[in-house]
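Colleague: Sharing entry-v5.cif, mmCIF, C-alpha atoms and all ligand atoms:
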```
data_final
#
loop_
_atom_site.label_atom_id
_atom_site.label_comp_id
_atom_site.auth_asym_id
_atom_site.auth_seq_id
_atom_site.Cartn_x
_atom_site.Cartn_y
_atom_site.Cartn_z
CA MET Y 1 2.08 -26.32 3.09
CA THR Y 2 0.50 -24.15 0.48
CA SER Y 3 0.10 -20.53 1.24
CA ARG Y 4 -3.66 -20.64 1.50
CA THR Y 5 -3.57 -23.27 4.20
CA THR Y 6 -3.04 -20.73 6.94
CA ARG Y 7 -6.22 -19.05 5.79
CA THR Y 8 -8.40 -22.01 6.70
CA PRO Y 9 -11.11 -20.67 8.97
CA LEU Y 10 -11.93 -23.44 11.39
CA SER Y 11 -15.47 -22.27 11.89
CA ALA Y 12 -16.75 -21.52 8.41
CA ARG Y 13 -17.77 -24.52 6.36
CA ALA Y 14 -18.39 -22.45 3.28
CA ARG Y 15 -14.88 -21.11 3.48
CA ILE Y 16 -13.43 -24.59 3.79
CA ALA Y 17 -15.36 -25.68 0.72
CA ALA Y 18 -14.03 -22.67 -1.15
CA LEU Y 19 -10.53 -23.49 0.06
CA ALA Y 20 -10.83 -27.02 -1.24
CA LEU Y 21 -11.61 -25.60 -4.66
CA LEU Y 22 -8.50 -23.50 -4.45
CA VAL Y 23 -6.20 -26.20 -3.19
CA ALA Y 24 -7.25 -28.83 -5.69
CA PRO Y 25 -6.10 -27.04 -8.85
CA ALA Y 26 -3.05 -25.85 -6.96
CA SER Y 27 -1.86 -29.40 -6.48
CA VAL Y 28 -2.18 -29.96 -10.21
CA THR Y 29 -0.43 -26.82 -11.31
CA GLY Y 30 2.11 -26.76 -8.52
CA THR Y 31 4.94 -28.06 -10.63
CA LEU Y 32 4.72 -24.95 -12.76
CA ALA Y 33 5.91 -22.88 -9.87
CA GLY Y 34 9.35 -24.45 -9.95
CA SER Y 35 11.44 -26.17 -7.38
CA VAL Y 36 10.64 -24.10 -4.30
CA ALA Y 37 8.73 -26.43 -2.01
CA THR Y 38 6.67 -23.66 -0.49
CA ALA Y 39 5.72 -22.09 -3.79
CA ALA Y 40 2.19 -20.83 -3.74
CA PRO Y 41 0.47 -21.77 -6.96
CA ALA Y 42 -2.90 -21.08 -5.39
CA HIS Y 43 -2.03 -17.42 -5.70
CA ALA Y 44 -1.34 -17.78 -9.38
CA LYS Y 45 -5.06 -18.35 -9.85
CA PRO Y 46 -6.26 -14.95 -11.00
CA GLN Y 47 -8.76 -13.53 -8.54
CA ILE Y 48 -9.69 -10.57 -10.69
CA THR Y 49 -8.74 -9.45 -14.14
CA GLU Y 50 -5.64 -7.61 -13.13
CA PRO Y 51 -3.90 -5.13 -15.34
CA VAL Y 52 -0.30 -6.27 -15.55
CA PRO Y 53 1.71 -4.42 -14.62
CA ALA Y 54 -0.70 -2.44 -12.46
CA VAL Y 55 -0.38 1.21 -11.50
CA VAL Y 56 -1.39 2.02 -7.93
CA ALA Y 57 -2.09 5.68 -7.22
CA HIS Y 58 -0.05 6.26 -4.06
CA ARG Y 59 -2.27 8.16 -1.59
CA GLY Y 60 -4.31 9.16 -4.66
CA ALA Y 61 -2.73 11.33 -7.33
CA SER Y 62 -0.67 12.81 -4.51
CA GLY Y 63 1.71 14.51 -6.92
CA TYR Y 64 -1.10 16.86 -7.89
CA ARG Y 65 -3.45 17.20 -4.93
CA PRO Y 66 -3.14 17.05 -1.14
CA GLU Y 67 -2.75 13.33 -0.42
CA HIS Y 68 -5.54 11.11 0.88
CA THR Y 69 -8.40 13.36 -0.20
CA LEU Y 70 -11.32 12.27 -2.35
CA ALA Y 71 -10.08 14.85 -4.87
CA ALA Y 72 -6.68 13.10 -5.01
CA TYR Y 73 -8.28 9.67 -5.44
CA GLU Y 74 -10.77 10.95 -8.02
CA LEU Y 75 -8.04 12.59 -10.08
CA ALA Y 76 -6.04 9.34 -10.02
CA ILE Y 77 -9.08 7.41 -11.22
CA GLY Y 78 -9.63 9.94 -13.98
CA MET Y 79 -6.02 9.49 -15.06
CA GLY Y 80 -6.64 5.76 -15.41
CA ALA Y 81 -5.02 4.33 -12.28
CA ASP Y 82 -5.81 0.68 -11.66
CA TYR Y 83 -5.84 1.02 -7.89
CA ILE Y 84 -6.07 3.82 -5.35
CA GLU Y 85 -4.22 3.55 -2.05
CA PRO Y 86 -5.70 4.83 1.20
CA ASP Y 87 -3.58 4.56 4.34
CA VAL Y 88 -5.92 4.01 7.27
CA VAL Y 89 -5.81 5.15 10.90
CA SER Y 90 -8.52 5.29 13.57
CA THR Y 91 -10.55 8.11 15.06
CA LYS Y 92 -11.39 8.28 18.76
CA ASP Y 93 -14.76 6.72 17.97
CA GLY Y 94 -13.24 3.82 16.05
CA VAL Y 95 -13.85 4.98 12.47
CA LEU Y 96 -11.14 4.38 9.89
CA VAL Y 97 -10.05 7.51 8.03
CA ALA Y 98 -7.50 7.99 5.27
CA ARG Y 99 -4.31 9.63 6.51
CA HIS Y 100 -0.68 8.68 6.03
CA GLU Y 101 -0.06 9.16 9.72
CA ASN Y 102 -2.20 9.39 12.82
CA GLU Y 103 -0.36 12.70 13.43
CA ILE Y 104 -2.24 15.22 11.30
CA GLY Y 105 -0.39 18.49 11.90
CA GLY Y 106 1.47 18.08 8.63
CA THR Y 107 -1.51 17.28 6.43
CA THR Y 108 -4.37 19.38 7.81
CA ASP Y 109 -5.15 22.89 9.08
CA VAL Y 110 -5.62 21.63 12.64
CA GLU Y 111 -3.10 24.17 13.99
CA ALA Y 112 -5.48 26.93 12.83
CA HIS Y 113 -8.28 25.57 15.02
CA PRO Y 114 -7.96 27.15 18.50
CA GLU Y 115 -10.65 24.81 19.83
CA PHE Y 116 -8.20 21.94 19.33
CA ALA Y 117 -5.05 23.67 20.62
CA ASP Y 118 -5.12 21.62 23.82
CA ARG Y 119 -5.05 18.36 21.87
CA ARG Y 120 -1.48 19.02 20.78
CA THR Y 121 0.70 16.49 22.55
CA THR Y 122 3.73 14.22 22.30
CA LYS Y 123 3.35 10.46 21.95
CA ILE Y 124 5.68 7.56 21.36
CA ILE Y 125 4.63 5.95 18.08
CA ASP Y 126 6.55 2.76 17.18
CA GLY Y 127 9.31 3.81 19.55
CA VAL Y 128 9.64 7.34 18.14
CA PRO Y 129 8.48 10.49 19.97
CA ILE Y 130 6.08 12.47 17.76
CA THR Y 131 4.58 15.86 18.64
CA GLY Y 132 1.37 17.10 17.09
CA TRP Y 133 -2.31 16.27 16.84
CA PHE Y 134 -3.48 12.66 16.53
CA THR Y 135 -6.54 11.18 14.85
CA GLU Y 136 -7.24 8.94 17.83
CA ASP Y 137 -7.88 12.05 19.98
CA PHE Y 138 -10.62 13.33 17.64
CA THR Y 139 -14.09 12.03 16.90
CA LEU Y 140 -14.97 11.67 13.24
CA ALA Y 141 -17.28 14.68 13.55
CA GLU Y 142 -14.38 16.76 14.87
CA LEU Y 143 -12.00 15.56 12.15
CA LYS Y 144 -14.57 16.50 9.53
CA THR Y 145 -14.24 20.15 10.58
CA LEU Y 146 -10.58 20.12 9.46
CA ARG Y 147 -9.34 20.59 5.91
CA ALA Y 148 -6.44 18.88 4.16
CA GLU Y 149 -3.16 20.58 3.29
CA GLU Y 150 -0.26 19.66 1.00
CA ARG Y 151 2.30 17.55 2.91
CA LEU Y 152 5.26 18.61 0.72
CA PRO Y 153 4.69 22.34 0.07
CA GLN Y 154 8.38 22.96 -0.71
CA VAL Y 155 8.47 20.20 -3.32
CA ARG Y 156 4.96 20.66 -4.68
CA PRO Y 157 4.08 24.34 -4.21
CA ASP Y 158 1.41 24.21 -6.93
CA ASN Y 159 -0.61 21.84 -4.78
CA THR Y 160 -0.92 24.35 -1.94
CA ARG Y 161 -3.62 26.12 -3.96
CA TYR Y 162 -5.89 23.27 -2.85
CA ASN Y 163 -5.14 23.74 0.84
CA GLY Y 164 -8.29 24.23 2.87
CA GLN Y 165 -10.65 22.72 0.30
CA PHE Y 166 -10.99 19.05 1.11
CA GLN Y 167 -12.09 17.02 4.12
CA ILE Y 168 -10.44 13.94 5.56
CA PRO Y 169 -12.32 11.03 3.96
CA THR Y 170 -13.38 7.92 5.82
CA PHE Y 171 -12.24 4.56 4.46
CA ALA Y 172 -15.91 3.81 3.73
CA GLU Y 173 -16.11 6.95 1.59
CA VAL Y 174 -13.02 5.87 -0.36
CA LEU Y 175 -14.56 2.46 -1.02
CA ALA Y 176 -17.81 4.12 -2.11
CA LEU Y 177 -15.89 6.35 -4.53
CA ALA Y 178 -14.08 3.37 -6.07
CA LYS Y 179 -17.35 1.49 -6.49
CA ALA Y 180 -19.22 4.45 -7.96
CA LYS Y 181 -16.40 5.26 -10.39
CA SER Y 182 -16.05 1.62 -11.42
CA LYS Y 183 -19.72 1.61 -12.36
CA GLU Y 184 -19.58 5.00 -14.05
CA LEU Y 185 -16.45 4.28 -16.09
CA GLY Y 186 -17.11 0.63 -16.80
CA ARG Y 187 -13.73 -0.53 -15.50
CA THR Y 188 -12.59 -1.98 -12.21
CA ILE Y 189 -10.94 0.46 -9.82
CA GLY Y 190 -9.18 -1.40 -7.05
CA VAL Y 191 -8.38 -0.28 -3.53
CA GLN Y 192 -5.21 -1.08 -1.57
CA PRO Y 193 -5.75 -0.03 2.06
CA GLU Y 194 -2.67 0.07 4.29
CA THR Y 195 -3.01 -0.35 8.03
CA LYS Y 196 -0.78 2.22 9.75
CA HIS Y 197 0.83 1.43 13.10
CA PRO Y 198 -1.39 -1.58 13.90
CA THR Y 199 0.55 -2.51 17.06
CA TYR Y 200 0.22 1.05 18.35
CA PHE Y 201 -3.51 1.18 17.64
CA ASP Y 202 -3.96 -2.16 19.44
CA SER Y 203 -2.16 -0.65 22.44
CA ILE Y 204 -4.75 2.13 22.74
CA GLY Y 205 -7.78 -0.10 22.24
CA LEU Y 206 -8.48 1.00 18.66
CA SER Y 207 -7.57 -2.12 16.71
CA LEU Y 208 -7.63 -1.42 12.97
CA GLU Y 209 -8.37 -4.85 11.55
CA GLU Y 210 -11.96 -5.26 12.75
CA PRO Y 211 -13.27 -1.96 11.35
CA LEU Y 212 -11.26 -2.59 8.17
CA LEU Y 213 -13.02 -5.88 7.56
CA ALA Y 214 -16.36 -4.41 8.60
CA ASP Y 215 -16.00 -1.54 6.12
CA LEU Y 216 -15.05 -3.96 3.33
CA ARG Y 217 -18.00 -6.19 4.21
CA ALA Y 218 -20.42 -3.25 4.25
CA ALA Y 219 -19.17 -2.22 0.80
CA LYS Y 220 -19.44 -5.83 -0.42
CA MET Y 221 -15.76 -5.63 -1.28
CA ASP Y 222 -14.71 -8.55 0.91
CA LYS Y 223 -14.99 -11.27 -1.73
CA LYS Y 224 -12.22 -13.28 -3.35
CA LYS Y 225 -12.88 -11.46 -6.60
CA SER Y 226 -12.98 -8.05 -4.93
CA PRO Y 227 -10.28 -5.72 -6.26
CA VAL Y 228 -8.84 -5.18 -2.80
CA VAL Y 229 -5.32 -5.69 -1.44
CA ILE Y 230 -4.71 -5.15 2.29
CA GLN Y 231 -1.17 -3.98 3.05
CA SER Y 232 0.96 -3.57 6.15
CA PHE Y 233 4.59 -3.04 7.09
CA GLU Y 234 3.88 -5.17 10.16
CA VAL Y 235 3.59 -8.97 10.00
CA SER Y 236 1.35 -10.16 12.80
CA ASN Y 237 -1.71 -8.18 11.78
CA LEU Y 238 -1.50 -9.59 8.25
CA LYS Y 239 -1.21 -13.11 9.68
CA GLU Y 240 -4.24 -12.33 11.82
CA LEU Y 241 -6.19 -11.04 8.81
CA ALA Y 242 -5.30 -13.87 6.40
CA PRO Y 243 -7.77 -16.48 7.73
CA LYS Y 244 -10.44 -13.84 8.25
CA THR Y 245 -10.66 -12.41 4.75
CA ASP Y 246 -10.76 -13.59 1.15
CA VAL Y 247 -9.20 -10.45 -0.30
CA GLN Y 248 -5.53 -10.26 -1.23
CA ILE Y 249 -2.81 -9.40 1.25
CA SER Y 250 0.47 -7.55 0.67
CA GLN Y 251 3.51 -7.61 2.94
CA LEU Y 252 5.36 -4.32 2.66
CA LEU Y 253 9.14 -4.36 3.05
CA ASP Y 254 11.34 -1.38 3.76
CA ALA Y 255 14.96 -1.06 2.69
CA SER Y 256 16.18 -1.09 6.30
CA GLY Y 257 14.90 -1.71 9.81
CA ALA Y 258 12.27 -4.17 10.98
CA PRO Y 259 8.48 -4.45 11.26
CA TYR Y 260 7.51 -2.75 14.51
CA ASP Y 261 5.47 -5.72 15.76
CA GLN Y 262 8.62 -7.84 15.37
CA VAL Y 263 10.67 -5.24 17.23
CA ALA Y 264 8.09 -5.14 20.02
CA ALA Y 265 8.04 -8.95 20.24
CA GLY Y 266 11.82 -9.21 20.07
CA THR Y 267 11.82 -11.80 17.30
CA GLY Y 268 14.88 -10.45 15.51
CA VAL Y 269 13.03 -10.57 12.18
CA THR Y 270 14.11 -7.68 9.95
CA TYR Y 271 13.11 -6.50 6.50
CA ALA Y 272 16.48 -7.77 5.29
CA SER Y 273 15.77 -11.25 6.67
CA MET Y 274 12.31 -11.19 5.08
CA ALA Y 275 13.60 -10.21 1.62
CA THR Y 276 15.26 -13.59 1.10
CA PRO Y 277 14.09 -16.89 -0.43
CA THR Y 278 13.29 -18.21 3.06
CA GLY Y 279 11.62 -14.98 4.08
CA PHE Y 280 9.47 -14.81 0.97
CA ALA Y 281 8.40 -18.45 1.44
CA GLU Y 282 7.20 -17.50 4.93
CA ILE Y 283 5.40 -14.42 3.61
CA ALA Y 284 3.67 -16.58 0.98
CA GLU Y 285 2.04 -18.51 3.84
CA TYR Y 286 -0.25 -15.55 4.51
CA ALA Y 287 0.18 -13.05 1.67
CA ASP Y 288 -0.28 -12.76 -2.08
CA TRP Y 289 2.05 -9.83 -2.66
CA ALA Y 290 5.41 -8.57 -1.49
CA GLY Y 291 5.78 -4.80 -1.56
CA PRO Y 292 9.48 -3.89 -1.42
CA ASN Y 293 10.96 -0.41 -1.23
CA LYS Y 294 12.21 0.30 -4.76
CA ASN Y 295 15.80 0.42 -3.51
CA LEU Y 296 15.55 -3.28 -2.63
CA VAL Y 297 14.77 -4.08 -6.27
CA LEU Y 298 17.21 -1.70 -7.94
CA PRO Y 299 19.91 -1.05 -5.34
CA ARG Y 300 21.67 2.30 -5.56
CA ASP Y 301 25.43 2.59 -5.66
CA PRO Y 302 26.38 4.28 -2.38
CA VAL Y 303 28.74 6.69 -4.14
CA THR Y 304 27.12 7.48 -7.47
CA LYS Y 305 23.52 6.92 -6.27
CA ALA Y 306 22.93 5.22 -9.60
CA VAL Y 307 21.05 1.97 -10.10
CA GLY Y 308 22.34 -0.90 -12.20
CA GLU Y 309 21.30 -4.52 -12.38
CA PRO Y 310 18.25 -5.62 -10.38
CA SER Y 311 18.75 -7.55 -7.15
CA GLU Y 312 17.39 -11.08 -6.67
CA VAL Y 313 14.36 -9.73 -4.80
CA VAL Y 314 11.80 -9.92 -7.62
CA ASP Y 315 12.90 -13.38 -8.73
CA ASP Y 316 12.99 -14.68 -5.16
CA ALA Y 317 9.51 -13.32 -4.41
CA HIS Y 318 8.13 -14.76 -7.64
CA ALA Y 319 9.73 -18.13 -6.87
CA ALA Y 320 7.77 -18.16 -3.63
CA GLY Y 321 4.55 -17.51 -5.53
CA LEU Y 322 4.27 -13.85 -4.57
CA LYS Y 323 3.48 -10.97 -6.87
CA VAL Y 324 5.65 -7.89 -6.45
CA VAL Y 325 4.53 -4.28 -6.09
CA VAL Y 326 7.30 -1.71 -5.70
CA TRP Y 327 7.09 1.72 -4.02
CA THR Y 328 7.24 4.65 -4.62
CA LEU Y 329 7.83 6.23 -8.01
CA ARG Y 330 7.61 10.01 -8.05
CA ASP Y 331 8.22 12.43 -10.89
CA GLU Y 332 10.64 14.69 -9.02
CA ASN Y 333 14.41 14.17 -9.38
CA GLN Y 334 15.08 13.99 -5.66
CA PHE Y 335 13.22 10.70 -5.27
CA MET Y 336 15.07 9.01 -8.14
CA ALA Y 337 18.39 7.29 -8.65
CA SER Y 338 20.95 9.57 -10.28
CA ASN Y 339 20.48 7.80 -13.64
CA PHE Y 340 17.08 9.38 -14.03
CA TRP Y 341 17.76 12.98 -12.99
CA ILE Y 342 17.14 15.69 -15.58
CA GLY Y 343 19.12 18.77 -14.61
CA THR Y 344 20.13 19.50 -11.03
CA ASP Y 345 16.96 20.90 -9.45
CA PRO Y 346 15.79 18.31 -6.93
CA ASN Y 347 12.19 19.49 -7.34
CA ALA Y 348 12.25 19.38 -11.15
CA LYS Y 349 10.75 16.51 -13.08
CA GLY Y 350 13.14 13.70 -13.86
CA ASP Y 351 13.01 10.92 -16.42
CA ILE Y 352 10.09 9.07 -14.87
CA GLU Y 353 9.53 7.09 -18.06
CA ALA Y 354 13.02 5.60 -17.82
CA GLU Y 355 12.56 4.86 -14.13
CA VAL Y 356 9.23 3.11 -14.71
CA HIS Y 357 10.77 1.12 -17.57
CA ALA Y 358 13.68 0.06 -15.35
CA PHE Y 359 11.31 -1.37 -12.74
CA LEU Y 360 9.09 -3.04 -15.30
CA ASP Y 361 12.21 -4.53 -16.89
CA ALA Y 362 13.12 -5.82 -13.43
CA GLY Y 363 9.88 -7.80 -13.50
CA VAL Y 364 7.63 -6.08 -10.96
CA ASP Y 365 3.91 -6.80 -11.27
CA ALA Y 366 2.77 -3.39 -10.06
CA LEU Y 367 4.14 -0.09 -8.88
CA PHE Y 368 3.05 2.74 -6.63
CA ALA Y 369 3.19 6.19 -8.20
CA ASP Y 370 2.49 9.68 -6.88
CA HIS Y 371 1.94 10.80 -10.49
CA PRO Y 372 -0.21 8.03 -11.95
CA ASP Y 373 -0.44 9.72 -15.35
CA SER Y 374 3.33 9.53 -15.76
CA ALA Y 375 3.45 5.88 -14.69
CA LEU Y 376 0.55 4.95 -16.99
CA ALA Y 377 2.14 6.71 -19.97
CA ALA Y 378 5.43 4.92 -19.29
CA ARG Y 379 3.63 1.60 -18.97
CA SER Y 380 2.06 2.18 -22.38
CA THR Y 381 5.40 2.83 -24.08
CA TRP Y 382 6.94 -0.14 -22.27
CA LEU Y 383 4.13 -2.48 -23.37
CA ALA Y 384 4.27 -1.12 -26.91
CA ALA Y 385 8.00 -1.87 -27.14
CA ARG Y 386 7.65 -5.49 -26.06
CA CA R 401 0.88 3.56 2.02
CA CA R 402 -5.42 -5.40 15.97
#
```
Turn the structure described in the file into structure tokens.

Modeller:
Amino acid sequence: MTSRTTRTPLSARARIAALALLVAPASVTGTLAGSVATAAPAHAKPQITEPVPAVVAHRGASGYRPEHTLAAYELAIGMGADYIEPDVVSTKDGVLVARHENEIGGTTDVEAHPEFADRRTTKIIDGVPITGWFTEDFTLAELKTLRAEERLPQVRPDNTRYNGQFQIPTFAEVLALAKAKSKELGRTIGVQPETKHPTYFDSIGLSLEEPLLADLRAAKMDKKKSPVVIQSFEVSNLKELAPKTDVQISQLLDASGAPYDQVAAGTGVTYASMATPTGFAEIAEYADWAGPNKNLVLPRDPVTKAVGEPSEVVDDAHAAGLKVVVWTLRDENQFMASNFWIGTDPNAKGDIEAEVHAFLDAGVDALFADHPDSALAARSTWLAAR
């Protein structure tokens, strides 16, 4: 079974015709993908002119501005990022907004709004009790009265100067920014939305997938050639989306634990079981990308915290026909393996160029970066040295 097969929409004749076009060349070129029976040559067909390796601005240029603000995304685009990455959660009235979490105490000034003091509460999100304020308890109009704040003020104190300046953007506004900037700059700026806590949002009647597809459709960014990659740490919502959309899909993989939908369903599937040849072959049934935690690609020695040779993860994912995007590269020492530290200050800038080179040498097709300028500069020196 080729990976696109699971995307066959039973109701849409046009889609089936398009699928036939995809499958036909796949059967011809399939031998190129090697000996893995479930290899997905259909995905090797370029859907857009992709920069390789691509730099994805993680939550915007979040190293320099409060994350998930239009200012953070715009700065990333100005730096030359290939993609911007909005995490999406739902408002009370079913609008998708860009926030890393549905809890917004850590990334907005909501605690300074006495009119919302009674919204502070404790909820169980993916099995973990969280106390704060939650997007699903606010209408979009209410959320728009808040202003974003730096999530890591101890690590990135310079960014706190922007506290109080920027609104929470809707996903539609992020798409509109990418489209407008693509036109203005004459280059394609892609968008990689990540659905956050999809099982949880289903449980409260605010399913994320329908408004996600509706927003993409409204922006005319729902085509096969659209520079869009939908991501999730959960599995079942990506499987649900695959036959409903033509855009690319990315299965995120953490270094430990399990997708929460799999935990909730009791399947026993873990990220470790997914990051295997068998696991990647299953992912290739519904996805185009695998998005491993960087520690899965370059494992750290438990004692020295240094990285050495790459794991089999990139090769195994590629053998299954998946592209690989690794997360997250950040300029500060504390997020790096010990090899790349410069000095001993955890908040000081480390050798991000060497870290980027190590992951590109490991064969990744794209990487998430909080400081897109650093990643782009390192990509340039890496490409120049090839
Ligand atoms: Ca994300
Ligand atoms: Ca859903």

Colleague: For ligand CA 402 (chain R), list the contacting residues at 10 Å or closer, counting all atoms listed in the file, as a count of residues only.

Modeller: 20

Colleague: Find the spatial neighbours of region 68-81 of chain Y, counting only C-alpha atoms, within a cut-off of 7 Å - ignore same-chain residues fewer than 2 positions away - and output them as an NGL selection string.

Modeller: :Y and (55-57 or 59-62 or 65-66 or 83-84 or 86 or 98-99 or 166-169 or 174 or 372-373)

Colleague: Give as a PyMOL selection string every residue, naming chains and numbers as the document does, that has an atom within 10 Å of (0.6, 25.4, 8.2), counting all atoms listed in the file.

Modeller: chain Y and resi 105-112+149-151+153+163

Colleague: Fewer than 5 positions away in the same chain doesn't count, so skip those; otherwise give me all residues within 8 Å of Ile230 (chain Y), counting only C-alpha atoms, as number ranges by chain.

Modeller: Y: 192-195, 247-250

Colleague: Show me, as number ranges by chain, the residues that have an atom within 12 Å of Thr276 (chain Y) when counting only C-alpha atoms, minus same-chain residues fewer than 6 positions from it.

Modeller: Y: 253, 269-270, 282-284, 290, 292, 296, 311-320

Colleague: When you count all atoms listed in the file, which of these residues is closest to Leu213 (chain Y): Y:Thr245, Y:Thr135, Y:Ser182, Y:Thr145?

Modeller: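 Smallest distance to Leu213 (chain Y) is found for Y:Thr245.
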
Colleague: How far is it from CA of Arg379 (chain Y) to CA of Asn295 (chain Y), in Å with one decimal?

Modeller: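 Between CA of Arg379 (chain Y) and CA of Asn295 (chain Y) the gap works out to 19.7 Å.
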
Colleague: Using only C-alpha atoms and all ligand atoms, which residue out of Y:Gly186, Y:Gly132, Y:Gly291, Y:Pro53 lies closest to ligand CA 401 (chain R)?

Modeller: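 Under the stated criterion, the closest residue is Y:Gly291.
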